[in-house]
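Notes to accompany the following structure.
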Amino acid sequence: MAGTDGLCYWFNRGWLEFTGRTMEQELGNGWTEGVYPQDFQPCVDKYLKHFEAREEFLLEYRLRRSDGQYRWILDSGTPVFDLEGQFLGYNGVCFDIHERKESENVHNEGLQFSLMMHTVTVAMNLSEMRDPYTAGHERRVAEIAVAISAELGFDVSRQQGIRVAGNLHDIGKINIPAEILSKPSKLTDIEYSLVKFHAQASYDVLQHVAFPWPIAEVAFQHHERLDGTGYPRGLKGEEIIMEARILAVADTVEAMSSHRPYRAGLGIEKALAEIERGQDIIYDGTVVDACLKLFRQNGYNIPLSYS
Ligand SMILES: [Fe+2]
Ligand SMILES: [Fe+2]
């Protein structure tokens, strides 16, 4: 219970047993010591606003229990008046709503994740509309890269990051004139340098998105090669993050085995021979091993539904 000055002057036994503190410790503003630091200011602001207006309030905050665990609390405050309408203070009742709140948070995170994945799909569809000759390339690269990362023992969250990176790695191609993308003959040097710029362009577009994975960096590095012969920065070995090394292999396998405007698909065996030839020179050795194992031993096929 709080008086007209907003300070608490009494707590029931339930509160004291919950917090494991004494009445003396809790009196006045003492109880706020148990409020989770991040929840403190929003609670105080809301409390003072309603207190001034003599309105009922509902606060949700985390409060430290006697065992040290912070629990979500619903704090319901009601102003108290005497028979003449004189304001006497507030009566507060608290409920432990921890389980409900936690499941709500899990639900919200799930919702946010699915919204993010839908947005990724929209971005991917837009870039593929522009470049019908390579439509499906990013999806197939994502599928192969996820399969490699699973083979390498990556956890589910990291595999999801690889999927998103695969789905968006060439998004910067939206910057390249369509005639160049669909040109059926060899590119001139100038045209090729325009094509090469797509890694930087992908990075520029993606760097502002707060993904829980290094998506922009993976896109930036997916044409880098272990020996430094890649682009755009000529990174070497360990300078290239693992996700980008996986994408480099998946990208090569997909691009070589699929049809291109300037040539028919070369088939999976030629693509595998190419990464084998570049193993430990331009492609990460463990990634190549995982990829070869997938196709040659596990009977993996690039999903046709994405063609
Ligand atoms: Fe690319
Ligand atoms: Fe690609």
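If you're wondering about the labels, chains in the structure tokens are A, B, ... by order shown, residues count from 1 in each chain, ligands from 1 in order shown.
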
Self-check item: Near-Arg140 (chain A) list (7 Å; only C-alpha atoms; drop same-chain fewer than 2 positions) as a count of residues only
Solution: 9

Counting only C-alpha atoms and all ligand atoms, which residues in chain A sit no more than 8 Å from ligand 2? For each one, give the nearest pair of atoms and the distance in Å, sorted by chain then residue number, as JSON lines.
```
{"residue": "A:His137", "atom": "CA", "partner": "ligand 2", "partner_atom_place_in_ligand_line": "1 (Fe)", "distance": 6.7}
{"residue": "A:Glu138", "atom": "CA", "partner": "ligand 2", "partner_atom_place_in_ligand_line": "1 (Fe)", "distance": 6.2}
{"residue": "A:Val141", "atom": "CA", "partner": "ligand 2", "partner_atom_place_in_ligand_line": "1 (Fe)", "distance": 7.1}
{"residue": "A:Gly166", "atom": "CA", "partner": "ligand 2", "partner_atom_place_in_ligand_line": "1 (Fe)", "distance": 8.0}
{"residue": "A:His169", "atom": "CA", "partner": "ligand 2", "partner_atom_place_in_ligand_line": "1 (Fe)", "distance": 6.3}
{"residue": "A:Asp170", "atom": "CA", "partner": "ligand 2", "partner_atom_place_in_ligand_line": "1 (Fe)", "distance": 5.3}
{"residue": "A:His222", "atom": "CA", "partner": "ligand 2", "partner_atom_place_in_ligand_line": "1 (Fe)", "distance": 7.9}
{"residue": "A:Asp251", "atom": "CA", "partner": "ligand 2", "partner_atom_place_in_ligand_line": "1 (Fe)", "distance": 5.1}
{"residue": "A:Thr252", "atom": "CA", "partner": "ligand 2", "partner_atom_place_in_ligand_line": "1 (Fe)", "distance": 7.8}
{"residue": "A:Ala255", "atom": "CA", "partner": "ligand 2", "partner_atom_place_in_ligand_line": "1 (Fe)", "distance": 7.2}
```

Could the residues in this selection be written to a file with N, CA and C atoms, as a PDB file, in the first residue's frame?
```
ATOM      1  N   HIS A 137      18.327 -19.675 -59.054  1.00  0.00           N
ATOM      2  CA  HIS A 137      19.737 -19.874 -58.683  1.00  0.00           C
ATOM      3  C   HIS A 137      19.960 -19.671 -57.181  1.00  0.00           C
ATOM      4  N   GLU A 138      19.461 -18.558 -56.652  1.00  0.00           N
ATOM      5  CA  GLU A 138      19.713 -18.263 -55.238  1.00  0.00           C
ATOM      6  C   GLU A 138      19.072 -19.306 -54.326  1.00  0.00           C
ATOM      7  N   VAL A 141      21.201 -22.440 -54.562  1.00  0.00           N
ATOM      8  CA  VAL A 141      22.457 -22.233 -53.829  1.00  0.00           C
ATOM      9  C   VAL A 141      22.185 -22.352 -52.323  1.00  0.00           C
ATOM     10  N   GLY A 166      22.142 -17.429 -48.617  1.00  0.00           N
ATOM     11  CA  GLY A 166      22.043 -18.038 -49.942  1.00  0.00           C
ATOM     12  C   GLY A 166      20.940 -17.396 -50.758  1.00  0.00           C
ATOM     13  N   HIS A 169      22.282 -13.668 -51.688  1.00  0.00           N
ATOM     14  CA  HIS A 169      23.680 -13.323 -51.948  1.00  0.00           C
ATOM     15  C   HIS A 169      23.897 -12.526 -53.238  1.00  0.00           C
ATOM     16  N   ASP A 170      23.039 -12.734 -54.238  1.00  0.00           N
ATOM     17  CA  ASP A 170      23.217 -12.022 -55.514  1.00  0.00           C
ATOM     18  C   ASP A 170      22.240 -10.862 -55.674  1.00  0.00           C
ATOM     19  N   HIS A 222      31.172 -13.715 -51.053  1.00  0.00           N
ATOM     20  CA  HIS A 222      30.902 -15.016 -51.673  1.00  0.00           C
ATOM     21  C   HIS A 222      31.703 -15.286 -52.954  1.00  0.00           C
ATOM     22  N   ASP A 251      27.664 -22.012 -54.669  1.00  0.00           N
ATOM     23  CA  ASP A 251      27.427 -21.125 -55.805  1.00  0.00           C
ATOM     24  C   ASP A 251      28.069 -21.711 -57.073  1.00  0.00           C
ATOM     25  N   THR A 252      29.292 -22.191 -56.950  1.00  0.00           N
ATOM     26  CA  THR A 252      30.005 -22.762 -58.100  1.00  0.00           C
ATOM     27  C   THR A 252      29.303 -24.024 -58.598  1.00  0.00           C
ATOM     28  N   ALA A 255      26.007 -22.982 -60.249  1.00  0.00           N
ATOM     29  CA  ALA A 255      26.177 -22.233 -61.501  1.00  0.00           C
ATOM     30  C   ALA A 255      26.683 -23.137 -62.620  1.00  0.00           C
TER      31      ALA A 255
END
```

Sorted per-residue table, chain A near ligand 1, closest atoms and distance, 12 Å, only C-alpha atoms and all ligand atoms, as CSV:
```
residue,atom,partner,partner_atom_place_in_ligand_line,distance
A:Thr134,CA,ligand 1,1 (Fe),10.9
A:His137,CA,ligand 1,1 (Fe),9.9
A:Glu138,CA,ligand 1,1 (Fe),9.1
A:Val141,CA,ligand 1,1 (Fe),10.3
A:Ala165,CA,ligand 1,1 (Fe),11.3
A:Gly166,CA,ligand 1,1 (Fe),9.9
A:Asn167,CA,ligand 1,1 (Fe),11.1
A:Leu168,CA,ligand 1,1 (Fe),9.6
A:His169,CA,ligand 1,1 (Fe),6.4
A:Asp170,CA,ligand 1,1 (Fe),4.8
A:Ile171,CA,ligand 1,1 (Fe),8.5
A:Gly172,CA,ligand 1,1 (Fe),8.5
A:Lys173,CA,ligand 1,1 (Fe),7.9
A:Ile174,CA,ligand 1,1 (Fe),11.5
A:Ile176,CA,ligand 1,1 (Fe),11.8
A:Leu181,CA,ligand 1,1 (Fe),11.7
A:Leu194,CA,ligand 1,1 (Fe),11.9
A:Val195,CA,ligand 1,1 (Fe),8.5
A:Lys196,CA,ligand 1,1 (Fe),7.8
A:Phe197,CA,ligand 1,1 (Fe),9.3
A:His198,CA,ligand 1,1 (Fe),6.8
A:Ala199,CA,ligand 1,1 (Fe),6.2
A:Gln200,CA,ligand 1,1 (Fe),10.0
A:Ala201,CA,ligand 1,1 (Fe),10.4
A:Ser202,CA,ligand 1,1 (Fe),8.9
A:Tyr203,CA,ligand 1,1 (Fe),11.3
A:Val218,CA,ligand 1,1 (Fe),10.7
A:Ala219,CA,ligand 1,1 (Fe),7.8
A:Phe220,CA,ligand 1,1 (Fe),9.0
A:Gln221,CA,ligand 1,1 (Fe),9.2
A:His222,CA,ligand 1,1 (Fe),6.5
A:His223,CA,ligand 1,1 (Fe),6.4
A:Glu224,CA,ligand 1,1 (Fe),10.1
A:Gly230,CA,ligand 1,1 (Fe),11.3
A:Tyr231,CA,ligand 1,1 (Fe),10.1
A:Pro232,CA,ligand 1,1 (Fe),10.9
A:Ala244,CA,ligand 1,1 (Fe),11.0
A:Leu247,CA,ligand 1,1 (Fe),9.4
A:Ala248,CA,ligand 1,1 (Fe),8.6
A:Val249,CA,ligand 1,1 (Fe),11.4
A:Ala250,CA,ligand 1,1 (Fe),10.8
A:Asp251,CA,ligand 1,1 (Fe),7.4
A:Thr252,CA,ligand 1,1 (Fe),9.3
A:Glu254,CA,ligand 1,1 (Fe),11.2
A:Ala255,CA,ligand 1,1 (Fe),9.6
```

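In this structure, CA of Phe57 (chain A) sits 6.8 Å away from CA of Thr78 (chain A).
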
Exercise. Would you list the contacts of region 82-88 of chain A as an MDAnalysis selection string, taking every protein, DNA or RNA residue within 12 Å and counting only C-alpha atoms, but skipping same-chain residues closer than 5 positions in sequence?
Key: chainID A and resid 1:7 51:55

Requested write-out: N, CA and C atoms of the selected residues, as a PDB file, in the first residue's frame:
```pdb
ATOM      1  N   MET A   1       0.840  -1.199   0.000  1.00  0.00           N
ATOM      2  CA  MET A   1       0.000   0.000   0.000  1.00  0.00           C
ATOM      3  C   MET A   1       0.874   1.247   0.000  1.00  0.00           C
ATOM      4  N   ALA A   2       0.422   2.257  -0.758  1.00  0.00           N
ATOM      5  CA  ALA A   2       1.200   3.491  -0.850  1.00  0.00           C
ATOM      6  C   ALA A   2       0.371   4.650  -0.324  1.00  0.00           C
ATOM      7  N   GLY A   3       1.048   5.644   0.228  1.00  0.00           N
ATOM      8  CA  GLY A   3       0.357   6.817   0.769  1.00  0.00           C
ATOM      9  C   GLY A   3       0.213   7.907  -0.280  1.00  0.00           C
ATOM     10  N   THR A   4      -0.205   9.084   0.168  1.00  0.00           N
ATOM     11  CA  THR A   4      -0.458  10.196  -0.763  1.00  0.00           C
ATOM     12  C   THR A   4       0.841  10.710  -1.390  1.00  0.00           C
ATOM     13  N   ASP A   5       1.956  10.380  -0.786  1.00  0.00           N
ATOM     14  CA  ASP A   5       3.246  10.800  -1.363  1.00  0.00           C
ATOM     15  C   ASP A   5       3.788   9.775  -2.358  1.00  0.00           C
ATOM     16  N   GLY A   6       3.057   8.683  -2.591  1.00  0.00           N
ATOM     17  CA  GLY A   6       3.490   7.679  -3.559  1.00  0.00           C
ATOM     18  C   GLY A   6       4.436   6.649  -2.957  1.00  0.00           C
ATOM     19  N   LEU A   7       4.837   6.839  -1.717  1.00  0.00           N
ATOM     20  CA  LEU A   7       5.778   5.891  -1.093  1.00  0.00           C
ATOM     21  C   LEU A   7       4.997   4.753  -0.430  1.00  0.00           C
ATOM     22  N   PHE A  51      -0.459   7.964 -11.035  1.00  0.00           N
ATOM     23  CA  PHE A  51      -0.582   8.458  -9.660  1.00  0.00           C
ATOM     24  C   PHE A  51      -1.065   9.905  -9.658  1.00  0.00           C
ATOM     25  N   GLU A  52      -0.447  10.724 -10.488  1.00  0.00           N
ATOM     26  CA  GLU A  52      -0.830  12.135 -10.579  1.00  0.00           C
ATOM     27  C   GLU A  52      -2.298  12.273 -10.953  1.00  0.00           C
ATOM     28  N   ALA A  53      -2.747  11.408 -11.851  1.00  0.00           N
ATOM     29  CA  ALA A  53      -4.130  11.494 -12.339  1.00  0.00           C
ATOM     30  C   ALA A  53      -5.094  10.715 -11.450  1.00  0.00           C
ATOM     31  N   ARG A  54      -4.546  10.067 -10.410  1.00  0.00           N
ATOM     32  CA  ARG A  54      -5.369   9.237  -9.492  1.00  0.00           C
ATOM     33  C   ARG A  54      -6.142   8.163 -10.261  1.00  0.00           C
ATOM     34  N   GLU A  55      -5.444   7.567 -11.221  1.00  0.00           N
ATOM     35  CA  GLU A  55      -6.098   6.539 -12.051  1.00  0.00           C
ATOM     36  C   GLU A  55      -5.604   5.151 -11.653  1.00  0.00           C
TER      37      GLU A  55
END
```

Quiz item: So which bits of region 104-264 of chain A end up alpha helix (DSSP H) when you DSSP the backbone, as an MDAnalysis selection string?
Solution: chainID A and resid 104:130 137:151 156:168 178:181 189:196 198:206 215:221 242:257

Quiz item: DSSP says strand (DSSP E) for which residues of region 90-211 of chain A? Put them as an NGL selection string?
Solution: :A and (90-96)

Exercise. Skip Arg263 (chain A) itself and residues of its chain fewer than 6 positions away, then list as an MDAnalysis selection string all residues within 10 Å of it, counting only C-alpha atoms.
Key: chainID A and resid 184:185 256

Could those residues be written to a file, using C-alpha atoms, as a PDB file, in the first residue's frame?
```
ATOM      1  CA  PRO A 184      24.366 -15.033 -74.686  1.00  0.00           C
ATOM      2  CA  SER A 185      28.036 -14.404 -75.545  1.00  0.00           C
ATOM      3  CA  MET A 256      28.170 -24.911 -63.345  1.00  0.00           C
TER       4      MET A 256
END
```

Self-check item: Shell around Glu99 (chain A) at 9 Å using only C-alpha atoms, local window under 4 positions removed, as a VMD selection string
Solution: chain A and resid 71 to 72 103 to 104

Mind writing the picked residues with N, CA and C atoms as a PDB file, in the first residue's frame?
```pdb
ATOM      1  N   ARG A  71      11.137 -12.708 -12.006  1.00  0.00           N
ATOM      2  CA  ARG A  71       9.848 -13.228 -12.479  1.00  0.00           C
ATOM      3  C   ARG A  71       9.005 -12.068 -12.983  1.00  0.00           C
ATOM      4  N   TRP A  72       8.262 -12.305 -14.061  1.00  0.00           N
ATOM      5  CA  TRP A  72       7.336 -11.276 -14.549  1.00  0.00           C
ATOM      6  C   TRP A  72       6.159 -11.152 -13.588  1.00  0.00           C
ATOM      7  N   SER A 103       5.842 -17.424 -22.585  1.00  0.00           N
ATOM      8  CA  SER A 103       5.323 -18.069 -23.794  1.00  0.00           C
ATOM      9  C   SER A 103       4.907 -17.015 -24.820  1.00  0.00           C
ATOM     10  N   GLU A 104       4.465 -15.839 -24.329  1.00  0.00           N
ATOM     11  CA  GLU A 104       4.141 -14.718 -25.218  1.00  0.00           C
ATOM     12  C   GLU A 104       5.394 -14.263 -25.969  1.00  0.00           C
TER      13      GLU A 104
END
```

Quiz prompt | Nearest to Phe295 (chain A) by atom-to-atom distance, counting only C-alpha atoms, from A:Asp189, A:Glu17, A:Glu151, A:Glu217 | solution = A:Glu151

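Between CA of Gly234 (chain A) and CA of Asp131 (chain A) the separation is 26.7 Å.
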
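When only C-alpha atoms are used to measure the gap to Gly228 (chain A), the shortest distance among A:Leu272, A:Val80, A:Ile241, A:Ile282 belongs to A:Ile282.
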